[in-house]
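Visitor: Encoded as structure tokens, here's the structure I'll be asking about.
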Amino acid sequence: MAKKIETRKDEIRYKTLEPSQMLNKYICKRVVKKWTEEFIDEDTGEKVNVERSQTLYERGTVINKETLARIQFDIEAGEITEPIEVSNQNRTGYEFENESLFPWAAKVAVEERNVKFLLYGSSIDNALTVLRDYVELHYNGGFTILEAKEFNKCIILTDRLSDKMKGSDIDAEYLKGNIDFETYIETREKDTSDIDGESKDEGKKFYQLELTIQWKNKDDEEGEYNAEFVVHTFDVDRALLIINAYLVATEAKRKMERAEKNEEYLERTFHLLIEKAAPIPVGRYIPKEFSLAYQSE
């Protein structure tokens with residue numbers, strides 16, 4: 001007779017402090033004894049409470065008669081005070097939790113075409129949740145997610161400059177140092193939104209750039225590092241401008257954060273060297289702010 005294939009659908013899992021309900025079950029989560037110890041700080045003479053813990057039973061431990069007797073003793077002795085989660089299945093594997101957002105690429109069949117998306121997610125499940133939400137809001141009819149995979153570790157930037165401002169003198173003035181970064185950003189973001197609140201994308205492509213970034217500060221300290229960006233803009237030259245603006249803004253933020261801690265920070269100036277640059281087949285970028293709404297899920 002073939003052995004039964006067990007799945008999550010066959011699992012029986014519950015929490016209990018009743019020993020009779022634990023026999024021949026598996027422990028789902030590590031059972032830990034916790035207590036507080038009091039110490040005297042030798043420098044101040046003050047009492048200090050320190051939290052201590054000790055693992056009594058590891059995850060996946062089978063509760064046979066011998067283990068059950070020990071658990072019962074620990075319960076009666078007050079070593080175990082919270083219900084133990086047990087299962088009829090030995091599930092010792094567990095998924096690592098991640099809260100950081102990183103890029104994902106996806107392909108969706110929607111409105112009789114395949115659309116390639118670039119988005120941020122903390123996991124495949126999180127990325128799919130973000131993707132479904134966005135497609136439901138911005139497209140009509142049924143859709144099928146055909147593909148979703150991690151994208152290269154990169155920084156994704158968008159060009160919000162409207163068509164009518166394209167080619168204006170604002171970029172040249174910024175590069176010459178005649179206007180500061182805040183004024184440049186404020187000016188180039190004016191009138192850039194359409195009805196949906198997204199920038200007008202006509203003529204823009206997604207450019208992937210691998211760069212060597214050389215930096216130097218006021219103390220003549222210098223260095224370099226490699227970085228990868230994806231920029232939604234009109235051309236590679238404009239992508240470099242946007243990347244440089246991003247780096248300048250990041251430096252200003254770091255300086256402000258250090259100033260709040262009364263720490264000095266020497267802002268760096270940057271020189272960008274292109275190692276590789278090419279357009280990539282992406283149709284839509286889901287803004288990072290959209291993904292942030294799901295970051296804690």
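For the structure tokens, the naming scheme is as follows: chains receive sequential letters (A, B, ...) according to their order of presentation, residues are indexed from 1 within each chain, and ligands are indexed from 1 in presentation order.
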Could you pull the residues within 8 Å of Lys218 of chain A, counting only C-alpha atoms, minus those fewer than 2 positions along the same chain, as an MDAnalysis selection string?

Guide: chainID A and resid 216 220:221 266:268

Visitor: With C-alpha atoms retained, could you export that selection as a PDB file, in the first residue's frame?

Guide:
```pdb
ATOM      1  CA  LYS A 216      35.853  63.092  -3.043  1.00  0.00           C
ATOM      2  CA  ASP A 220      40.519  65.483  -0.244  1.00  0.00           C
ATOM      3  CA  GLU A 221      39.641  61.977   0.876  1.00  0.00           C
ATOM      4  CA  LEU A 266      31.782  65.763   5.028  1.00  0.00           C
ATOM      5  CA  GLU A 267      29.591  65.715   1.943  1.00  0.00           C
ATOM      6  CA  ARG A 268      31.065  64.078  -1.102  1.00  0.00           C
TER       7      ARG A 268
END
```

Visitor: I want to know what sits within 10 Å of segment 53-59 of chain A, based on only C-alpha atoms, with residues of the same chain fewer than 3 positions away left out; could you give that as a PyMOL selection string?

Guide: chain A and resi 26-36+62-63+67+70-71+74+79-80+85-86+90-93

Visitor: Please, could you write that set of residues out with C-alpha atoms as a compact mmCIF listing (two decimals), in the first residue's frame?

Guide:
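Okay, this is what ended up in result.txt:
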```txt
# COMPACT_ATOMS: atom_id res chain seq x y z
CA TYR A 26 5.86 17.23 17.55
CA ILE A 27 6.86 20.56 19.08
CA CYS A 28 6.22 23.35 16.55
CA LYS A 29 8.19 26.15 18.18
CA ARG A 30 11.17 26.13 20.50
CA VAL A 31 10.08 25.97 24.15
CA VAL A 32 12.03 28.54 26.15
CA LYS A 33 12.26 29.18 29.88
CA LYS A 34 12.56 32.89 30.71
CA TRP A 35 13.42 34.63 33.94
CA THR A 36 14.87 37.87 35.30
CA VAL A 62 8.83 14.30 19.26
CA ILE A 63 6.94 14.06 22.54
CA THR A 67 9.80 13.62 26.96
CA ARG A 70 9.89 15.82 31.62
CA ILE A 71 7.46 18.37 30.19
CA ASP A 74 8.58 21.41 34.03
CA GLU A 79 9.45 26.25 34.29
CA ILE A 80 6.86 26.19 31.47
CA GLU A 85 2.28 24.51 20.24
CA VAL A 86 2.25 20.93 18.92
CA ASN A 90 7.26 17.19 12.04
CA ARG A 91 7.74 20.56 10.37
CA THR A 92 11.28 21.72 11.15
CA GLY A 93 11.74 23.87 8.08
```

Visitor: Go through A:Asn262, A:Glu111, A:Ala106, A:Leu68 one by one, measure the shortest atom-to-atom distance of each to Thr129 of chain A using only C-alpha atoms, and give the residue with the smallest value.

Guide: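 Once distances to Thr129 of chain A are computed over only C-alpha atoms, the minimum belongs to A:Ala106.
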
Visitor: For each of A:Glu112, A:Glu289, A:Asp159, A:Glu224, take the minimum atom-to-atom distance to Ala239 of chain A, counting only C-alpha atoms, then give the residue where this is smallest.

Guide: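 Of the candidates, the smallest distance to Ala239 of chain A is held by A:Asp159.
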
Visitor: Rounded to one decimal, what separation in Å do you get between atom CA of Ile242 of chain A and atom CA of Arg132 of chain A?

Guide: 29.3 Å

Visitor: Between A:Ile286, A:Leu17, A:Ile40, A:Ala69, which is the closest to Asp133 of chain A once you count only C-alpha atoms?

Guide: A:Ile286

Visitor: Pick the closest to Thr61 of chain A from A:Leu157, A:Ile75, A:Leu272, A:Ile84: which is it, counting only C-alpha atoms?

Guide: A:Ile84

Visitor: What's the separation between atom CA of Leu209 of chain A and atom CA of Leu247 of chain A, in Å to one decimal place?

Guide: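 Taking atom CA of Leu209 of chain A and atom CA of Leu247 of chain A, their separation equals 14.6 Å.
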
Visitor: Find the residue from A:Glu251, A:Phe290, A:Glu46, A:Phe229 that sits nearest to Leu137 of chain A; use only C-alpha atoms when measuring.

Guide: A:Phe290

Visitor: Set the distance at 7 Å and use only C-alpha atoms: which residues neighbour Ser291 of chain A once local chain neighbours fewer than 6 positions away are removed? I'd like the list as a PyMOL selection string.

Guide: chain A and resi 120-121+130

Visitor: Could those selected residues go to a file with C-alpha atoms, as a PDB file, in the first residue's frame?

Guide:
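Final output, part-v5.pdb:
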```pdb
ATOM      1  CA  TYR A 120       9.875  46.403  -4.953  1.00  0.00           C
ATOM      2  CA  GLY A 121       9.027  43.556  -2.589  1.00  0.00           C
ATOM      3  CA  VAL A 130       1.836  44.323  -4.500  1.00  0.00           C
TER       4      VAL A 130
END
```

Visitor: Using only C-alpha atoms for the distances, tell me which of A:Gln295, A:Thr212, A:Glu147, A:Ile243 is nearest to Ser123 of chain A.

Guide: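 Closest candidate: A:Gln295.
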
Visitor: Taking the backbone alone, and naming residues the way the document does, which bits of segment 13-174 of chain A are strand (DSSP E) by DSSP, as a VMD selection string?

Guide: chain A and resid 13 to 16 26 to 27 31 to 40 47 to 57 84 to 87 102 to 110 113 to 121 143 to 150 155 to 158

Visitor: Excluding Leu211 of chain A and any residue of its chain fewer than 3 positions from it, enumerate the residues within 8 Å of it, using only C-alpha atoms, and give them as a PDB file with N, CA and C atoms, in the first residue's frame.

Guide:
```pdb
ATOM      1  N   ASN A 226      31.205  50.472  -6.969  1.00  0.00           N
ATOM      2  CA  ASN A 226      30.357  50.120  -8.111  1.00  0.00           C
ATOM      3  C   ASN A 226      28.900  50.105  -7.678  1.00  0.00           C
ATOM      4  N   ALA A 227      28.017  50.513  -8.576  1.00  0.00           N
ATOM      5  CA  ALA A 227      26.585  50.530  -8.277  1.00  0.00           C
ATOM      6  C   ALA A 227      25.804  50.336  -9.563  1.00  0.00           C
ATOM      7  N   GLU A 228      24.576  49.844  -9.396  1.00  0.00           N
ATOM      8  CA  GLU A 228      23.711  49.614 -10.548  1.00  0.00           C
ATOM      9  C   GLU A 228      22.394  50.357 -10.352  1.00  0.00           C
ATOM     10  N   LEU A 272      30.709  60.129 -12.231  1.00  0.00           N
ATOM     11  CA  LEU A 272      30.124  58.859 -12.650  1.00  0.00           C
ATOM     12  C   LEU A 272      30.779  58.350 -13.922  1.00  0.00           C
ATOM     13  N   LEU A 273      31.221  57.108 -13.877  1.00  0.00           N
ATOM     14  CA  LEU A 273      31.808  56.453 -15.044  1.00  0.00           C
ATOM     15  C   LEU A 273      30.912  55.291 -15.466  1.00  0.00           C
ATOM     16  N   ILE A 274      30.482  55.298 -16.716  1.00  0.00           N
ATOM     17  CA  ILE A 274      29.600  54.248 -17.209  1.00  0.00           C
ATOM     18  C   ILE A 274      30.399  53.008 -17.600  1.00  0.00           C
ATOM     19  N   GLU A 275      30.066  51.886 -16.991  1.00  0.00           N
ATOM     20  CA  GLU A 275      30.651  50.611 -17.374  1.00  0.00           C
ATOM     21  C   GLU A 275      29.772  49.905 -18.413  1.00  0.00           C
ATOM     22  N   LYS A 276      28.459  50.044 -18.247  1.00  0.00           N
ATOM     23  CA  LYS A 276      27.511  49.445 -19.182  1.00  0.00           C
ATOM     24  C   LYS A 276      26.194  50.207 -19.076  1.00  0.00           C
TER      25      LYS A 276
END
```

Visitor: I want to know what sits within 10 Å of Glu37 of chain A, based on only C-alpha atoms, with residues of the same chain fewer than 5 positions away left out; could you give that as an MDAnalysis selection string?

Guide: chainID A and resid 48:52

Visitor: Please save C-alpha atoms of the selected residues as an mmCIF file, in the first residue's frame.

Guide:
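Final file, again-v9.cif:
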```
data_model
loop_
_atom_site.group_PDB
_atom_site.id
_atom_site.type_symbol
_atom_site.label_atom_id
_atom_site.label_comp_id
_atom_site.auth_asym_id
_atom_site.auth_seq_id
_atom_site.Cartn_x
_atom_site.Cartn_y
_atom_site.Cartn_z
ATOM 1 C CA VAL A 48 19.865 46.240 37.164
ATOM 2 C CA ASN A 49 17.410 43.651 35.874
ATOM 3 C CA VAL A 50 18.697 41.315 33.151
ATOM 4 C CA GLU A 51 16.423 39.067 31.099
ATOM 5 C CA ARG A 52 17.668 35.476 30.842
#
```
